[in-house]
file query08.cif (mmCIF, C-alpha atoms)
data_work
loop_
_atom_site.group_PDB
_atom_site.id
_atom_site.type_symbol
_atom_site.label_atom_id
_atom_site.label_comp_id
_atom_site.auth_asym_id
_atom_site.auth_seq_id
_atom_site.Cartn_x
_atom_site.Cartn_y
_atom_site.Cartn_z
ATOM 1 C CA MET A 25 -29.189 -24.676 -17.183
ATOM 2 C CA VAL A 26 -26.574 -27.423 -17.423
ATOM 3 C CA ARG A 27 -27.130 -29.993 -20.141
ATOM 4 C CA PRO A 28 -27.622 -33.500 -18.679
ATOM 5 C CA VAL A 29 -24.795 -35.952 -19.174
ATOM 6 C CA ILE A 30 -26.831 -39.126 -18.730
ATOM 7 C CA SER A 31 -30.252 -39.963 -20.073
ATOM 8 C CA CYS A 32 -32.612 -42.806 -19.159
ATOM 9 C CA ASN A 33 -35.544 -43.257 -21.507
ATOM 10 C CA PRO A 34 -37.504 -46.481 -22.009
ATOM 11 C CA GLU A 35 -37.606 -45.666 -25.740
ATOM 12 C CA VAL A 36 -33.777 -45.561 -25.971
ATOM 13 C CA MET A 37 -31.894 -48.798 -25.331
ATOM 14 C CA GLY A 38 -34.764 -50.027 -23.131
ATOM 15 C CA GLY A 39 -34.083 -47.403 -20.456
ATOM 16 C CA THR A 40 -30.403 -48.228 -20.024
ATOM 17 C CA PRO A 41 -28.483 -45.142 -18.833
ATOM 18 C CA VAL A 42 -26.799 -43.655 -21.909
ATOM 19 C CA PHE A 43 -24.770 -40.562 -22.637
ATOM 20 C CA ALA A 44 -27.386 -37.890 -23.370
ATOM 21 C CA GLY A 45 -28.123 -37.487 -27.059
ATOM 22 C CA THR A 46 -26.586 -40.859 -27.936
ATOM 23 C CA ARG A 47 -27.376 -44.557 -27.735
ATOM 24 C CA VAL A 48 -24.054 -45.305 -26.003
ATOM 25 C CA PRO A 49 -24.514 -46.865 -22.543
ATOM 26 C CA VAL A 50 -22.397 -45.323 -19.798
ATOM 27 C CA GLN A 51 -21.589 -48.906 -18.777
ATOM 28 C CA THR A 52 -19.611 -49.193 -22.009
ATOM 29 C CA LEU A 53 -17.241 -46.448 -20.833
ATOM 30 C CA LEU A 54 -16.829 -48.186 -17.487
ATOM 31 C CA ASP A 55 -16.138 -51.495 -19.244
ATOM 32 C CA TYR A 56 -13.453 -49.831 -21.390
ATOM 33 C CA LEU A 57 -11.780 -48.260 -18.364
ATOM 34 C CA GLU A 58 -11.971 -51.492 -16.371
ATOM 35 C CA ALA A 59 -10.263 -53.312 -19.241
ATOM 36 C CA GLY A 60 -7.393 -50.808 -19.135
ATOM 37 C CA ASP A 61 -8.399 -48.866 -22.233
ATOM 38 C CA SER A 62 -8.019 -45.104 -22.317
ATOM 39 C CA ILE A 63 -10.688 -42.451 -22.700
ATOM 40 C CA ASP A 64 -9.227 -41.738 -26.144
ATOM 41 C CA GLU A 65 -9.725 -45.372 -27.164
ATOM 42 C CA PHE A 66 -13.327 -45.220 -25.977
ATOM 43 C CA LEU A 67 -13.925 -41.974 -27.885
ATOM 44 C CA GLU A 68 -12.457 -43.481 -31.074
ATOM 45 C CA GLY A 69 -15.006 -46.280 -30.870
ATOM 46 C CA PHE A 70 -17.929 -44.017 -29.977
ATOM 47 C CA PRO A 71 -17.549 -40.681 -31.781
ATOM 48 C CA SER A 72 -21.093 -39.614 -30.833
ATOM 49 C CA VAL A 73 -19.852 -39.170 -27.251
ATOM 50 C CA SER A 74 -17.802 -36.044 -26.568
ATOM 51 C CA ARG A 75 -14.777 -35.809 -24.317
ATOM 52 C CA GLU A 76 -16.728 -33.219 -22.303
ATOM 53 C CA HIS A 77 -19.501 -35.785 -21.695
ATOM 54 C CA VAL A 78 -16.978 -38.333 -20.435
ATOM 55 C CA ILE A 79 -15.158 -35.882 -18.155
ATOM 56 C CA GLU A 80 -18.408 -34.512 -16.717
ATOM 57 C CA PHE A 81 -19.703 -38.046 -16.114
ATOM 58 C CA LEU A 82 -16.498 -39.015 -14.281
ATOM 59 C CA GLU A 83 -16.546 -35.793 -12.226
ATOM 60 C CA GLN A 84 -20.161 -36.379 -11.188
ATOM 61 C CA ALA A 85 -19.411 -40.005 -10.290
ATOM 62 C CA LYS A 86 -16.407 -38.900 -8.222
ATOM 63 C CA ASP A 87 -18.445 -36.253 -6.410
ATOM 64 C CA ARG A 88 -21.167 -38.775 -5.547
ATOM 65 C CA LEU A 89 -18.659 -41.338 -4.263
ATOM 66 C CA VAL A 90 -16.879 -38.775 -2.103
ATOM 67 C CA ALA A 91 -20.188 -37.467 -0.744
ATOM 68 C CA ALA A 92 -21.353 -41.007 0.057
ATOM 69 C CA ALA A 93 -18.120 -41.737 1.919
ATOM 70 C CA SER A 94 -18.482 -38.660 4.125
#

call {"tool": "encode", "arguments": {"input": "query08.cif", "output": "structure tokens"}}
result
Amino acid sequence: MVRPVISCNPEVMGGTPVFAGTRVPVQTLLDYLEAGDSIDEFLEGFPSVSREHVIEFLEQAKDRLVAAAS
């Protein structure tokens, strides 16, 4: 079974979607990228998130956007 990338739990950050196993909201990654920061810069600030988590999240987001556009 594939480990989930995102977790939503009312007991963690009030149910905000976070990277699984962390308290880091996925919105924080999107904010970093929108501001022009790199994935490496994000990872430096949030060492509890792995590069694999970030890449898998972005791949899943891409797949959903492409599927929705079809």

call {"tool": "axis_aligned_box", "arguments": {"input": "query08.cif", "around": "stretch 52-69 of chain A", "padding_each_side": "4 Å", "output": "JSON"}}
result
{"center_x": -13.5, "center_y": -47.5, "center_z": -23.7, "size_x": 20.2, "size_y": 19.6, "size_z": 22.7}

call {"tool": "resolve_selection", "arguments": {"input": "query08.cif", "expression": "the PyMOL selection byres ((chain A and resi 53-68) around 12)", "output": "list in words"}}
result
Pro41, Val42, Phe43, Val48, Pro49, Val50, Gln51, Thr52, Gly69, Phe70, Pro71, Ser72, Val73, Ser74, Arg75, Glu76, His77, Val78, Ile79, Phe81, Leu82 and Ala85 of chain A

call {"tool": "residues_around", "arguments": {"input": "query08.cif", "residues": "A:Val36", "least_positions_apart": "2", "cutoff": "10 Å", "atoms": "all atoms listed in the file", "output": "list in words"}}
result
Ser31, Cys32, Asn33, Pro34, Gly38, Gly39, Thr40, Pro41, Val42, Gly45, Thr46, Arg47, Val48 and Pro49 of chain A

call {"tool": "decode", "arguments": {"input": "query08.cif", "residues": "stretch 25-39 of chain A", "atoms": "all heavy atoms", "output": "compact mmCIF listing (two decimals), in the first residue's frame"}}
result
# COMPACT_ATOMS: atom_id res chain seq x y z
N MET A 25 0.84 -1.18 0.00
CA MET A 25 0.00 0.00 0.00
C MET A 25 0.88 1.25 0.00
O MET A 25 1.88 1.32 0.71
CB MET A 25 -0.90 -0.02 1.22
CG MET A 25 -1.83 1.14 1.31
SD MET A 25 -2.99 0.89 2.68
CE MET A 25 -4.31 1.87 2.07
N VAL A 26 0.49 2.24 -0.76
CA VAL A 26 1.25 3.48 -0.87
C VAL A 26 0.95 4.36 0.34
O VAL A 26 -0.21 4.52 0.73
CB VAL A 26 0.87 4.22 -2.19
CG1 VAL A 26 1.57 5.55 -2.26
CG2 VAL A 26 1.18 3.36 -3.38
N ARG A 27 1.98 4.90 0.91
CA ARG A 27 1.83 5.80 2.05
C ARG A 27 1.20 7.11 1.59
O ARG A 27 1.63 7.69 0.58
CB ARG A 27 3.21 6.05 2.65
CG ARG A 27 3.19 6.89 3.89
CD ARG A 27 4.58 6.97 4.50
NE ARG A 27 4.67 8.24 5.20
CZ ARG A 27 5.78 8.87 5.43
NH1 ARG A 27 6.93 8.36 5.03
NH2 ARG A 27 5.80 10.00 6.07
N PRO A 28 0.18 7.62 2.30
CA PRO A 28 -0.45 8.88 1.89
C PRO A 28 0.52 10.05 1.97
O PRO A 28 1.40 10.08 2.83
CB PRO A 28 -1.60 9.06 2.87
CG PRO A 28 -1.44 8.06 3.94
CD PRO A 28 -0.40 7.06 3.50
N VAL A 29 0.34 10.97 1.08
CA VAL A 29 1.19 12.16 1.03
C VAL A 29 0.57 13.29 1.85
O VAL A 29 1.28 14.06 2.49
CB VAL A 29 1.40 12.62 -0.43
CG1 VAL A 29 2.19 13.91 -0.50
CG2 VAL A 29 2.08 11.54 -1.23
N ILE A 30 -0.75 13.36 1.84
CA ILE A 30 -1.46 14.43 2.52
C ILE A 30 -2.36 13.82 3.59
O ILE A 30 -2.95 12.76 3.38
CB ILE A 30 -2.32 15.24 1.52
CG1 ILE A 30 -1.43 15.87 0.46
CG2 ILE A 30 -3.14 16.30 2.24
CD1 ILE A 30 -2.21 16.48 -0.67
N SER A 31 -2.46 14.53 4.69
CA SER A 31 -3.31 14.10 5.79
C SER A 31 -4.21 15.25 6.20
O SER A 31 -3.77 16.40 6.23
CB SER A 31 -2.44 13.66 6.97
OG SER A 31 -3.23 13.36 8.09
N CYS A 32 -5.46 14.94 6.51
CA CYS A 32 -6.40 15.92 7.05
C CYS A 32 -7.00 15.32 8.32
O CYS A 32 -7.69 14.31 8.25
CB CYS A 32 -7.51 16.24 6.06
SG CYS A 32 -6.98 17.04 4.55
N ASN A 33 -6.69 15.93 9.44
CA ASN A 33 -7.15 15.43 10.73
C ASN A 33 -7.53 16.63 11.58
O ASN A 33 -6.71 17.53 11.78
CB ASN A 33 -6.03 14.63 11.39
CG ASN A 33 -6.39 14.06 12.72
OD1 ASN A 33 -7.29 14.54 13.40
ND2 ASN A 33 -5.67 13.03 13.12
N PRO A 34 -8.77 16.66 12.10
CA PRO A 34 -9.17 17.81 12.91
C PRO A 34 -8.27 18.04 14.13
O PRO A 34 -8.20 19.16 14.64
CB PRO A 34 -10.58 17.45 13.37
CG PRO A 34 -11.01 16.28 12.60
CD PRO A 34 -9.81 15.67 11.96
N GLU A 35 -7.54 17.02 14.56
CA GLU A 35 -6.65 17.14 15.70
C GLU A 35 -5.28 17.73 15.33
O GLU A 35 -4.49 18.06 16.21
CB GLU A 35 -6.43 15.77 16.35
CG GLU A 35 -7.70 15.10 16.84
CD GLU A 35 -8.36 15.84 17.99
OE1 GLU A 35 -7.63 16.33 18.87
OE2 GLU A 35 -9.60 15.93 18.00
N VAL A 36 -5.00 17.83 14.03
CA VAL A 36 -3.72 18.36 13.55
C VAL A 36 -3.99 19.61 12.72
O VAL A 36 -4.62 19.55 11.67
CB VAL A 36 -2.95 17.31 12.70
CG1 VAL A 36 -1.65 17.90 12.17
CG2 VAL A 36 -2.70 16.05 13.50
N MET A 37 -3.54 20.73 13.23
CA MET A 37 -3.69 22.02 12.53
C MET A 37 -5.16 22.29 12.16
O MET A 37 -5.45 22.86 11.10
CB MET A 37 -2.81 22.08 11.29
CG MET A 37 -1.33 21.87 11.55
SD MET A 37 -0.57 23.23 12.45
CE MET A 37 -0.63 24.52 11.24
N GLY A 38 -6.08 21.85 13.01
CA GLY A 38 -7.50 22.11 12.80
C GLY A 38 -8.08 21.51 11.53
O GLY A 38 -9.07 21.99 11.01
N GLY A 39 -7.45 20.45 11.02
CA GLY A 39 -7.96 19.79 9.82
C GLY A 39 -7.38 20.32 8.53
O GLY A 39 -7.75 19.87 7.44
